[in-house]
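Source file: query.csv. Holds: CSV, C-alpha atoms.
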chain,number,residue,atom,x,y,z
T,276,MET,CA,-1.1,-10.9,16.9
T,277,SER,CA,2.2,-11.5,18.7
T,278,GLY,CA,5.5,-12.1,17.0
T,279,VAL,CA,5.0,-9.6,14.2
T,280,ARG,CA,4.3,-5.9,14.0
T,281,THR,CA,1.0,-5.3,12.3
T,282,GLY,CA,0.0,-2.0,10.8
T,283,LEU,CA,-2.9,-0.4,8.9
T,284,HIS,CA,-2.3,2.0,6.1
T,285,VAL,CA,-5.0,4.5,5.0
T,286,CYS,CA,-4.6,7.3,2.4
T,287,ARG,CA,-6.7,9.5,0.2
T,288,GLY,CA,-5.8,8.1,-3.2
T,289,ASN,CA,-2.6,7.8,-5.0
T,290,TRP,CA,-3.4,7.1,-8.6
T,291,SER,CA,-3.0,10.7,-10.0
T,292,ARG,CA,-0.6,13.6,-9.7
T,293,GLN,CA,-3.6,16.0,-9.8
T,294,GLU,CA,-4.0,16.6,-6.1
T,295,ASP,CA,-7.4,18.0,-6.6
T,296,VAL,CA,-8.9,14.7,-7.7
T,297,LEU,CA,-7.7,13.0,-4.5
T,298,LEU,CA,-9.8,13.2,-1.3
T,299,THR,CA,-9.6,15.8,1.4
T,300,GLY,CA,-10.4,15.5,5.1
T,301,ASP,CA,-8.9,14.6,8.4
T,302,TYR,CA,-9.1,11.2,10.2
T,303,HIS,CA,-11.7,12.2,12.7
T,304,ALA,CA,-14.5,10.1,11.3
T,305,LEU,CA,-12.3,7.0,11.2
T,306,LEU,CA,-11.3,7.1,14.9
T,307,PRO,CA,-13.9,4.7,16.1
T,308,ALA,CA,-12.8,2.2,13.4
T,309,PHE,CA,-9.1,2.7,14.3
T,310,GLU,CA,-9.7,2.3,18.0
T,311,ALA,CA,-11.4,-1.0,17.4
T,312,MET,CA,-8.5,-2.4,15.3
T,313,ARG,CA,-5.9,-4.5,17.0
T,314,VAL,CA,-2.9,-3.3,15.1
T,315,GLN,CA,0.2,-1.7,16.6
T,316,GLN,CA,0.8,1.0,14.0
T,317,PHE,CA,-1.3,3.4,11.9
T,318,VAL,CA,0.6,4.3,8.7
T,319,LEU,CA,-1.0,7.6,7.7
T,320,GLU,CA,-0.7,10.5,5.3
T,321,TYR,CA,0.5,13.8,6.8
T,322,ALA,CA,2.6,15.2,4.0
T,323,THR,CA,-0.2,17.1,2.5
T,324,PRO,CA,-2.6,19.6,4.2
T,325,ARG,CA,-5.5,17.4,2.8
T,326,ALA,CA,-4.9,15.0,5.7
T,327,GLY,CA,-5.6,17.4,8.5
T,328,GLU,CA,-4.0,17.9,11.8
T,329,LEU,CA,-1.7,15.4,13.7
T,330,SER,CA,-3.6,16.0,16.9
T,331,ILE,CA,-6.7,14.2,15.8
T,332,VAL,CA,-5.1,10.7,15.7
T,333,GLY,CA,-2.4,11.7,18.2
T,334,GLU,CA,-4.7,12.5,21.0
T,335,ALA,CA,-7.0,9.5,20.5
T,336,LEU,CA,-4.4,6.8,19.7
T,337,LYS,CA,-1.3,7.8,21.6
T,338,ASP,CA,-1.0,4.2,22.8
T,339,ARG,CA,-0.2,3.0,19.3
T,340,GLU,CA,2.7,3.7,16.9
T,341,LEU,CA,2.4,6.3,14.2
T,342,GLY,CA,3.9,5.7,10.7
T,343,LEU,CA,4.2,9.4,10.0
T,344,GLY,CA,3.7,10.2,6.3
T,345,CYS,CA,6.3,12.9,5.8
T,346,VAL,CA,7.1,12.9,2.1
T,347,ASN,CA,4.6,13.2,-0.8
T,348,PRO,CA,5.2,10.3,-3.3
T,349,ARG,CA,3.6,12.3,-6.1
T,350,THR,CA,6.1,15.2,-6.4
T,351,ASP,CA,9.5,15.5,-8.0
T,352,GLU,CA,11.3,17.5,-5.4
T,353,ALA,CA,12.6,15.9,-2.3
T,354,GLU,CA,11.4,17.3,1.0
T,355,ASP,CA,13.8,19.3,3.1
T,356,PRO,CA,14.9,17.1,6.0
T,357,ALA,CA,14.3,20.1,8.3
T,358,SER,CA,10.6,20.1,7.5
T,359,ILE,CA,10.4,16.4,8.2
T,360,VAL,CA,12.2,16.9,11.5
T,361,ALA,CA,9.7,19.7,12.4
T,362,ARG,CA,6.7,17.5,11.6
T,363,ALA,CA,8.1,14.6,13.7
T,364,GLU,CA,8.7,17.0,16.5
T,365,GLU,CA,5.1,18.0,16.3
T,366,ALA,CA,4.2,14.3,16.7
T,367,LEU,CA,6.4,14.2,19.8
T,368,GLN,CA,3.6,16.1,21.6
T,369,PHE,CA,1.6,12.9,21.4
T,370,TYR,CA,4.1,10.0,21.0
T,371,ARG,CA,7.4,8.9,22.5
T,372,PRO,CA,10.3,8.8,20.0
T,373,ASP,CA,10.1,5.0,19.7
T,374,GLN,CA,6.5,5.2,18.7
T,375,ILE,CA,7.2,7.4,15.7
T,376,TRP,CA,8.2,5.9,12.3
T,377,LEU,CA,9.0,7.9,9.2
T,378,ASN,CA,7.5,6.9,5.8
T,379,PRO,CA,6.2,8.4,2.6
T,380,ASP,CA,2.4,9.1,2.5
T,381,CYS,CA,1.9,6.1,0.2
T,382,GLY,CA,3.7,4.0,-2.3
T,383,PHE,CA,5.6,5.4,-5.3
T,384,GLY,CA,3.9,3.1,-7.7
T,385,CYS,CA,0.8,1.4,-6.4
T,386,PHE,CA,-0.5,0.7,-9.9
T,387,ALA,CA,2.3,-0.7,-12.1
T,388,SER,CA,1.1,0.9,-15.3
T,389,ARG,CA,0.4,4.2,-13.5
T,390,CYS,CA,3.3,4.8,-11.1
T,391,VAL,CA,3.2,8.3,-9.6
T,392,ASN,CA,7.0,8.8,-9.5
T,393,GLU,CA,10.4,8.0,-10.9
T,394,GLU,CA,13.1,6.1,-9.2
T,395,ALA,CA,15.6,8.9,-8.8
T,396,HIS,CA,13.0,11.1,-7.1
T,397,ALA,CA,12.0,8.2,-4.8
T,398,VAL,CA,15.6,7.6,-3.8
T,399,ALA,CA,16.1,11.3,-3.0
T,400,LYS,CA,12.9,11.2,-0.8
T,401,LEU,CA,14.2,8.2,1.1
T,402,ARG,CA,17.4,10.1,1.8
T,403,SER,CA,15.5,13.1,3.1
T,404,MET,CA,13.8,10.8,5.6
T,405,THR,CA,17.0,9.0,6.7
T,406,THR,CA,18.8,12.4,7.1
T,407,ALA,CA,15.8,13.6,9.2
T,408,ALA,CA,15.9,10.4,11.3
T,409,ALA,CA,19.6,10.9,12.1
T,410,ILE,CA,18.9,14.5,13.3
T,411,LEU,CA,15.9,13.4,15.3
T,412,ARG,CA,17.9,10.6,17.0
T,413,GLU,CA,20.7,13.0,17.8
T,414,ARG,CA,18.3,15.4,19.4
T,415,HIS,CA,15.9,13.1,21.1
T,416,GLY,CA,18.0,10.0,21.9
T,417,SER,CA,18.6,9.3,25.5
X,209,MET,CA,15.8,-2.7,14.4
X,210,ARG,CA,19.0,-0.7,14.2
X,211,SER,CA,17.6,2.1,16.2
X,212,ASP,CA,14.6,2.0,18.5
X,213,MET,CA,13.3,5.4,17.5
X,214,PHE,CA,12.3,7.2,14.3
X,215,ASN,CA,12.6,4.1,12.1
X,216,VAL,CA,12.5,4.8,8.4
X,217,THR,CA,10.5,2.6,6.2
X,218,GLN,CA,8.2,2.7,3.1
X,219,VAL,CA,4.6,2.2,2.4
X,220,GLY,CA,5.3,-0.5,-0.2
X,221,SER,CA,5.5,0.2,-3.9
X,222,TRP,CA,8.4,1.5,-6.0
X,223,PRO,CA,8.4,3.0,-9.5
X,224,ARG,CA,8.5,0.3,-12.2
X,225,SER,CA,11.2,0.3,-14.9
X,226,ARG,CA,10.3,0.2,-18.6
X,227,GLU,CA,11.7,-3.3,-18.8
X,228,LEU,CA,9.6,-4.6,-15.9
X,229,LEU,CA,6.4,-3.0,-17.4
X,230,ARG,CA,7.1,-4.7,-20.7
X,231,ALA,CA,7.6,-8.0,-19.0
X,232,LEU,CA,4.4,-7.6,-16.9
X,233,ARG,CA,2.5,-6.9,-20.1
X,234,ASP,CA,3.9,-9.9,-21.9
X,235,LYS,CA,3.2,-12.1,-18.9
X,236,GLN,CA,-0.4,-10.9,-18.7
X,237,ARG,CA,-0.8,-11.6,-22.5
X,238,GLY,CA,0.6,-15.0,-22.1
X,239,LEU,CA,3.7,-14.1,-24.2
X,240,MET,CA,6.2,-14.6,-21.3
X,241,THR,CA,6.5,-17.5,-18.8
X,242,ARG,CA,6.1,-16.8,-15.2
X,243,ALA,CA,9.7,-18.0,-14.6
X,244,ASP,CA,11.0,-15.5,-17.1
X,245,PHE,CA,9.0,-12.7,-15.5
X,246,GLU,CA,10.2,-13.6,-12.0
X,247,ARG,CA,13.8,-13.4,-13.2
X,248,ILE,CA,13.3,-9.9,-14.5
X,249,ALA,CA,11.4,-8.9,-11.3
X,250,ASP,CA,14.3,-10.3,-9.2
X,251,GLN,CA,16.6,-7.8,-10.8
X,252,GLU,CA,14.3,-5.0,-10.1
X,253,VAL,CA,13.8,-6.0,-6.4
X,254,ARG,CA,17.6,-6.3,-6.0
X,255,ARG,CA,18.1,-2.7,-7.2
X,256,CYS,CA,15.2,-1.4,-5.1
X,257,VAL,CA,16.4,-3.1,-1.9
X,258,GLN,CA,20.0,-1.8,-2.6
X,259,HIS,CA,18.7,1.8,-2.9
X,260,GLN,CA,17.0,1.4,0.4
X,261,VAL,CA,20.0,-0.1,2.1
X,262,ASP,CA,22.3,2.6,0.6
X,263,ALA,CA,19.9,5.3,1.8
X,264,GLY,CA,19.9,3.9,5.3
X,265,VAL,CA,16.3,2.8,5.4
X,266,ASP,CA,15.7,0.7,8.6
X,267,VAL,CA,12.9,-1.6,7.5
X,268,VAL,CA,12.9,-2.5,3.8
X,269,VAL,CA,10.2,-3.5,1.3
X,270,ASP,CA,10.4,-5.3,-2.0
X,271,GLY,CA,8.8,-2.5,-3.9
X,272,GLU,CA,5.8,-4.7,-5.1
X,273,HIS,CA,7.6,-5.3,-8.5
X,274,ARG,CA,5.9,-8.6,-8.9
X,275,ARG,CA,2.4,-7.1,-8.5
X,276,ASP,CA,0.1,-5.6,-11.1
X,277,ASN,CA,-1.2,-3.4,-8.4
X,278,PHE,CA,-1.3,-3.6,-4.6
X,279,TYR,CA,-4.5,-5.7,-4.5
X,280,SER,CA,-5.1,-7.1,-8.0
X,281,PHE,CA,-2.0,-9.3,-7.7
X,282,VAL,CA,-4.0,-11.8,-5.6
X,283,THR,CA,-5.3,-13.2,-8.9
X,284,ASP,CA,-1.8,-14.7,-9.4
X,285,LYS,CA,-2.2,-16.6,-6.1
X,286,LEU,CA,-5.9,-17.4,-5.5
X,287,ASP,CA,-8.2,-19.8,-7.3
X,288,GLY,CA,-11.7,-18.3,-7.9
X,289,THR,CA,-10.3,-14.9,-9.2
X,290,ARG,CA,-9.7,-13.3,-12.5
X,291,LEU,CA,-7.7,-10.1,-13.3
X,292,MET,CA,-10.0,-7.7,-15.1
X,293,SER,CA,-9.5,-4.3,-16.5
X,294,LEU,CA,-11.9,-1.5,-15.5
X,295,ALA,CA,-12.8,-1.4,-19.2
X,296,GLU,CA,-13.9,-5.0,-19.0
X,297,MET,CA,-15.9,-4.4,-15.8
X,298,LEU,CA,-17.7,-1.6,-17.5
X,299,ASP,CA,-19.9,-4.3,-19.1
X,300,THR,CA,-21.3,-5.2,-15.7
X,301,VAL,CA,-22.1,-1.7,-14.6
X,302,ASP,CA,-25.7,-0.5,-14.7
X,303,ASP,CA,-25.0,3.1,-15.3
X,304,LYS,CA,-22.1,3.0,-17.8
X,305,ALA,CA,-22.2,6.7,-18.5
X,306,ALA,CA,-21.8,7.6,-14.8
X,307,PHE,CA,-19.0,5.1,-14.3
X,308,GLU,CA,-17.1,6.5,-17.3
X,309,GLU,CA,-17.6,10.0,-16.1
X,310,MET,CA,-16.3,9.1,-12.7
X,311,LEU,CA,-13.2,7.6,-14.2
X,312,SER,CA,-12.5,10.6,-16.3
X,313,THR,CA,-13.3,13.2,-13.5
X,314,LEU,CA,-11.0,11.4,-11.2
X,315,ASP,CA,-8.2,11.0,-13.8
X,316,VAL,CA,-8.4,7.2,-13.6
X,317,PRO,CA,-7.1,5.5,-16.7
X,318,ALA,CA,-9.5,2.5,-17.3
X,319,SER,CA,-6.9,0.6,-19.1
X,320,ALA,CA,-4.1,0.9,-16.5
X,321,ILE,CA,-6.1,-0.2,-13.5
X,322,ARG,CA,-7.1,-3.8,-13.1
X,323,ASN,CA,-9.3,-5.5,-10.6
X,324,PRO,CA,-9.1,-8.9,-8.9
X,325,THR,CA,-12.7,-10.0,-9.6
X,326,CYS,CA,-14.0,-13.0,-7.7
X,327,THR,CA,-15.4,-15.6,-10.1
X,328,GLY,CA,-15.9,-18.5,-7.8
X,329,LYS,CA,-14.9,-20.1,-4.5
X,330,LEU,CA,-11.6,-18.7,-3.2
X,331,ALA,CA,-8.7,-21.0,-2.4
X,332,ARG,CA,-5.1,-20.0,-1.7
X,333,ARG,CA,-3.1,-21.8,-4.5
X,334,GLU,CA,0.0,-20.4,-3.0
X,335,PRO,CA,0.8,-17.8,-0.3
X,336,LEU,CA,0.2,-14.2,-1.3
X,337,ALA,CA,3.5,-12.7,-0.3
X,338,VAL,CA,5.8,-15.3,1.3
X,339,ALA,CA,7.9,-15.7,-1.8
X,340,GLU,CA,8.4,-11.9,-1.9
X,341,LEU,CA,9.5,-11.9,1.7
X,342,GLU,CA,11.9,-14.7,1.3
X,343,PHE,CA,13.6,-13.2,-1.7
X,344,VAL,CA,14.2,-9.9,0.2
X,345,GLN,CA,15.5,-11.9,3.1
X,346,GLN,CA,18.2,-13.4,0.8
X,347,LEU,CA,19.3,-9.9,-0.1
X,348,THR,CA,19.7,-8.2,3.3
X,349,ASP,CA,19.7,-8.7,7.0
X,350,ARG,CA,17.6,-5.7,7.5
X,351,PRO,CA,14.0,-6.3,8.8
X,352,VAL,CA,11.4,-6.6,6.1
X,353,LYS,CA,8.0,-5.1,5.8
X,354,VAL,CA,5.3,-6.9,3.8
X,355,THR,CA,2.2,-5.2,2.5
X,356,LEU,CA,-1.1,-6.9,2.0
X,357,PRO,CA,-4.5,-5.5,0.8
X,358,GLY,CA,-6.8,-5.1,3.8
X,359,PRO,CA,-9.9,-7.3,4.1
X,360,TYR,CA,-12.4,-4.4,3.4
X,361,LEU,CA,-10.6,-3.3,0.2
X,362,LEU,CA,-10.2,-6.8,-1.0
X,363,THR,CA,-13.8,-7.9,-0.4
X,364,ARG,CA,-15.2,-4.7,-1.9
X,365,SER,CA,-13.1,-4.8,-5.0
X,366,MET,CA,-13.4,-8.6,-5.6
X,367,TRP,CA,-17.2,-8.6,-5.4
X,368,VAL,CA,-18.7,-8.1,-8.8
X,369,GLY,CA,-22.1,-9.6,-8.5
X,370,ALA,CA,-22.5,-10.9,-12.0
X,371,PHE,CA,-19.3,-13.0,-11.6
X,372,SER,CA,-19.0,-13.5,-7.8
X,373,ARG,CA,-22.4,-15.1,-7.2
X,374,SER,CA,-21.1,-18.4,-8.7
X,375,GLY,CA,-18.9,-18.7,-5.6
X,376,TYR,CA,-20.8,-16.8,-2.8
X,377,ALA,CA,-24.3,-15.8,-1.9
X,378,ASP,CA,-23.3,-12.3,-1.0
X,379,LYS,CA,-20.4,-9.9,-0.2
X,380,THR,CA,-20.4,-10.8,3.5
X,381,GLU,CA,-19.9,-14.5,2.8
X,382,LEU,CA,-17.0,-13.6,0.4
X,383,GLY,CA,-15.6,-11.3,3.2
X,384,ASP,CA,-15.5,-14.2,5.6
X,385,ASP,CA,-13.2,-16.2,3.2
X,386,VAL,CA,-11.1,-13.1,2.5
X,387,VAL,CA,-10.5,-12.6,6.2
X,388,ARG,CA,-9.6,-16.3,6.6
X,389,ILE,CA,-7.1,-16.1,3.8
X,390,LEU,CA,-5.5,-12.9,5.1
X,391,ARG,CA,-5.2,-14.3,8.6
X,392,ASP,CA,-3.5,-17.5,7.3
X,393,GLU,CA,-1.1,-15.3,5.3
X,394,LEU,CA,-0.3,-13.2,8.3
X,395,VAL,CA,0.5,-16.2,10.5
X,396,GLU,CA,2.7,-17.6,7.7
X,397,LEU,CA,4.5,-14.3,7.2
X,398,ARG,CA,5.2,-14.1,10.9
X,399,ASP,CA,6.5,-17.6,11.1
X,400,ARG,CA,8.8,-16.9,8.2
X,401,GLY,CA,10.3,-13.9,10.0
X,402,ALA,CA,8.5,-10.8,8.5
X,403,ALA,CA,9.2,-7.9,10.9
X,404,PHE,CA,6.1,-5.9,9.9
X,405,VAL,CA,2.9,-6.7,8.0
X,406,GLN,CA,0.9,-3.7,6.8
X,407,PHE,CA,-2.7,-4.0,5.6
X,408,ASP,CA,-3.7,-1.4,3.0
X,409,GLU,CA,-7.2,0.0,3.4
X,410,PRO,CA,-7.1,3.2,1.3
X,411,VAL,CA,-10.8,3.2,0.5
X,412,LEU,CA,-11.7,3.7,4.2
X,413,THR,CA,-11.3,7.4,3.7
X,414,GLU,CA,-13.6,7.4,0.7
X,415,ILE,CA,-16.4,6.0,2.9
X,416,VAL,CA,-16.2,8.9,5.3
X,417,LEU,CA,-14.9,11.7,3.1
X,418,SER,CA,-16.6,11.4,-0.2
X,419,GLU,CA,-19.8,13.3,-0.7
X,420,ASP,CA,-21.0,10.9,-3.3
X,421,ASP,CA,-19.7,7.4,-2.5
X,422,HIS,CA,-21.3,5.9,-5.6
X,423,LYS,CA,-19.6,8.2,-8.0
X,424,ARG,CA,-16.2,7.8,-6.4
X,425,THR,CA,-16.0,4.1,-6.5
X,426,PHE,CA,-13.5,2.3,-8.7
X,427,MET,CA,-11.5,0.2,-6.2
Could you express the structure from this file as structure tokens?
Amino acid sequence: MSGVRTGLHVCRGNWSRQEDVLLTGDYHALLPAFEAMRVQQFVLEYATPRAGELSIVGEALKDRELGLGCVNPRTDEAEDPASIVARAEEALQFYRPDQIWLNPDCGFGCFASRCVNEEAHAVAKLRSMTTAAAILRERHGS
Amino acid sequence: MRSDMFNVTQVGSWPRSRELLRALRDKQRGLMTRADFERIADQEVRRCVQHQVDAGVDVVVDGEHRRDNFYSFVTDKLDGTRLMSLAEMLDTVDDKAAFEEMLSTLDVPASAIRNPTCTGKLARREPLAVAELEFVQQLTDRPVKVTLPGPYLLTRSMWVGAFSRSGYADKTELGDDVVRILRDELVELRDRGAAFVQFDEPVLTEIVLSEDDHKRTFM
């Protein structure tokens, strides 16, 4: 659809802080479905090893944008901006800088009565992402 | 967009305050008017947007404060739906013991997760997310992302045979109406200036990754 950016978000569950009850596996089996979808951006989890390698979607869908999940919404400690920068630079093997967006892996409270985090932690995670974005723009801006 | 690279945004929802949760509970029990609830939610959205602006987030969200969960909230907007707790839905499940075991194994609290069950023919009483968008647009000039449940998630969760057959012959027929409603919503959000509309389809992974699809299901 023209006139608005459309995206698809997929994750492996975000209702519990017990990582072992959430699903594990890469995006390989979803590639045929993703390829058929007329959306500009795939907003995907990559902040946990459960989501697999960036190359799987990166190689198949380099013509789309990537909403790079780079912070875990279910942990207290904010990610180090340097680790977010490193992950985004890994994505640069497949995407141009303007195709890469930074976002958490999922929401901080998808189920109102079962939010997976607290506001102060969520704010700190947002700041890690914006700090990382500033570094990335400095390094990769034209 | 302020920058054309490495834009920072969110996936949608924000932690709810105690006050908001109390208000949501009261609204759901009929103890608080919708207008009173919206006033409390307005305050929460204001604070949530301010946090994003202060942090330098490029494309902001409203935090889904007005939503019970990211897909059940459609019951506030659509005729032919009813908000049901998983505990209530247990009555319609054939193998109750297996369903309860799944909830407990997966650490799913049956009382905290509610489902938008289809109970008749769907009709959009009001737009799903246009009011959310317009409120955020009053607060900031930054571009706004709006999240909507995807058509697969919505159809799959809404279809509870015992209730839904009064509106639709089968899940596919319901799905056609869900797609039509979401498409109308997307056009309306675009026309009102949404920068980004994200469809949430978390259960797609379950289809391809879960060894036992039946046991995993609760959305």
**Study point:** Contact set, chain T to chain X: 8 Å, all atoms listed in the file, as a VMD selection string
**Key:** chain T and resid 278 to 288 290 to 291 293 296 to 300 302 304 to 305 318 372 to 394 397 to 398 401 to 402 404 to 405 408 411 to 412 416
Review point. T:Pro356: which residues within 10 Å, counting all atoms listed in the file, same-chain residues fewer than 3 positions away excluded, as a PyMOL selection string?
Key: chain T and resi 345-346+353+359-362+400+402-410
Check your understanding: Got a sec to check which residues sit within 12 Å of (2.1, -13.5, -16.6), counting all atoms listed in the file, and write them as a VMD selection string?
Key -> chain X and resid 228 to 246 248 to 249 274 to 276 281 283 to 285 291
Review point. Please, what distance in Å, to one decimal, runs between atom CA of T:Tyr370 and atom CA of T:Lys337?
Key: 5.9 Å
Review point. Could you state the separation of atom CA of T:His303 and atom CA of T:Ile331 in Å, given to one decimal place?
Key: 6.2 Å
Point to revise | Atomic separation - atom CA of T:Glu340 relative to atom CA of T:Gln315, Å | key: 6.0 Å
Point to revise | Which of X:Arg350, X:Lys329, X:Arg400, X:Lys304 sits closest to X:Asp378 [using only C-alpha atoms] | key: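 Closest to X:Asp378, using only C-alpha atoms: X:Lys329.
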Practice item. Tell me which of X:Leu294, X:Glu342, X:Leu336, X:Arg255 sits closest to X:Phe307, counting all atoms listed in the file. Key: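 For X:Phe307, the nearest of the given residues is X:Leu294.
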Within 9 Å of file point (1.8, 13.9, 2.5), counting only C-alpha atoms, expressed as a PDB file with C-alpha atoms, keeping the file's coordinate frame:
ATOM      1  CA  LEU T 319      -1.000   7.600   7.700  1.00  0.00           C
ATOM      2  CA  GLU T 320      -0.700  10.500   5.300  1.00  0.00           C
ATOM      3  CA  TYR T 321       0.500  13.800   6.800  1.00  0.00           C
ATOM      4  CA  ALA T 322       2.600  15.200   4.000  1.00  0.00           C
ATOM      5  CA  THR T 323      -0.200  17.100   2.500  1.00  0.00           C
ATOM      6  CA  PRO T 324      -2.600  19.600   4.200  1.00  0.00           C
ATOM      7  CA  ARG T 325      -5.500  17.400   2.800  1.00  0.00           C
ATOM      8  CA  ALA T 326      -4.900  15.000   5.700  1.00  0.00           C
ATOM      9  CA  GLY T 344       3.700  10.200   6.300  1.00  0.00           C
ATOM     10  CA  CYS T 345       6.300  12.900   5.800  1.00  0.00           C
ATOM     11  CA  VAL T 346       7.100  12.900   2.100  1.00  0.00           C
ATOM     12  CA  ASN T 347       4.600  13.200  -0.800  1.00  0.00           C
ATOM     13  CA  PRO T 348       5.200  10.300  -3.300  1.00  0.00           C
ATOM     14  CA  ARG T 349       3.600  12.300  -6.100  1.00  0.00           C
ATOM     15  CA  PRO T 379       6.200   8.400   2.600  1.00  0.00           C
ATOM     16  CA  ASP T 380       2.400   9.100   2.500  1.00  0.00           C
ATOM     17  CA  CYS T 381       1.900   6.100   0.200  1.00  0.00           C
TER      18      CYS T 381
END
Exercise for review: Can you pull out every residue within 8 Å of T:Glu352, counting all atoms listed in the file, but drop anything in the same chain fewer than 2 positions away, and send it as number ranges by chain?
Suggested key: T: 350, 354, 396, 400
Check your understanding: Out of X:Val282, X:Leu362, X:Ala339, X:Leu311, which residue has the shortest atom-to-atom distance to X:Ala295 when counting all atoms listed in the file?
Key -> X:Leu311
**Study point:** Shortest interatomic distance to T:Ala308 - which of T:Leu329, T:Asp295, T:Ala335, T:Asn289, counting all atoms listed in the file
**Key:**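 Among the listed residues, the smallest separation from T:Ala308 belongs to T:Ala335.
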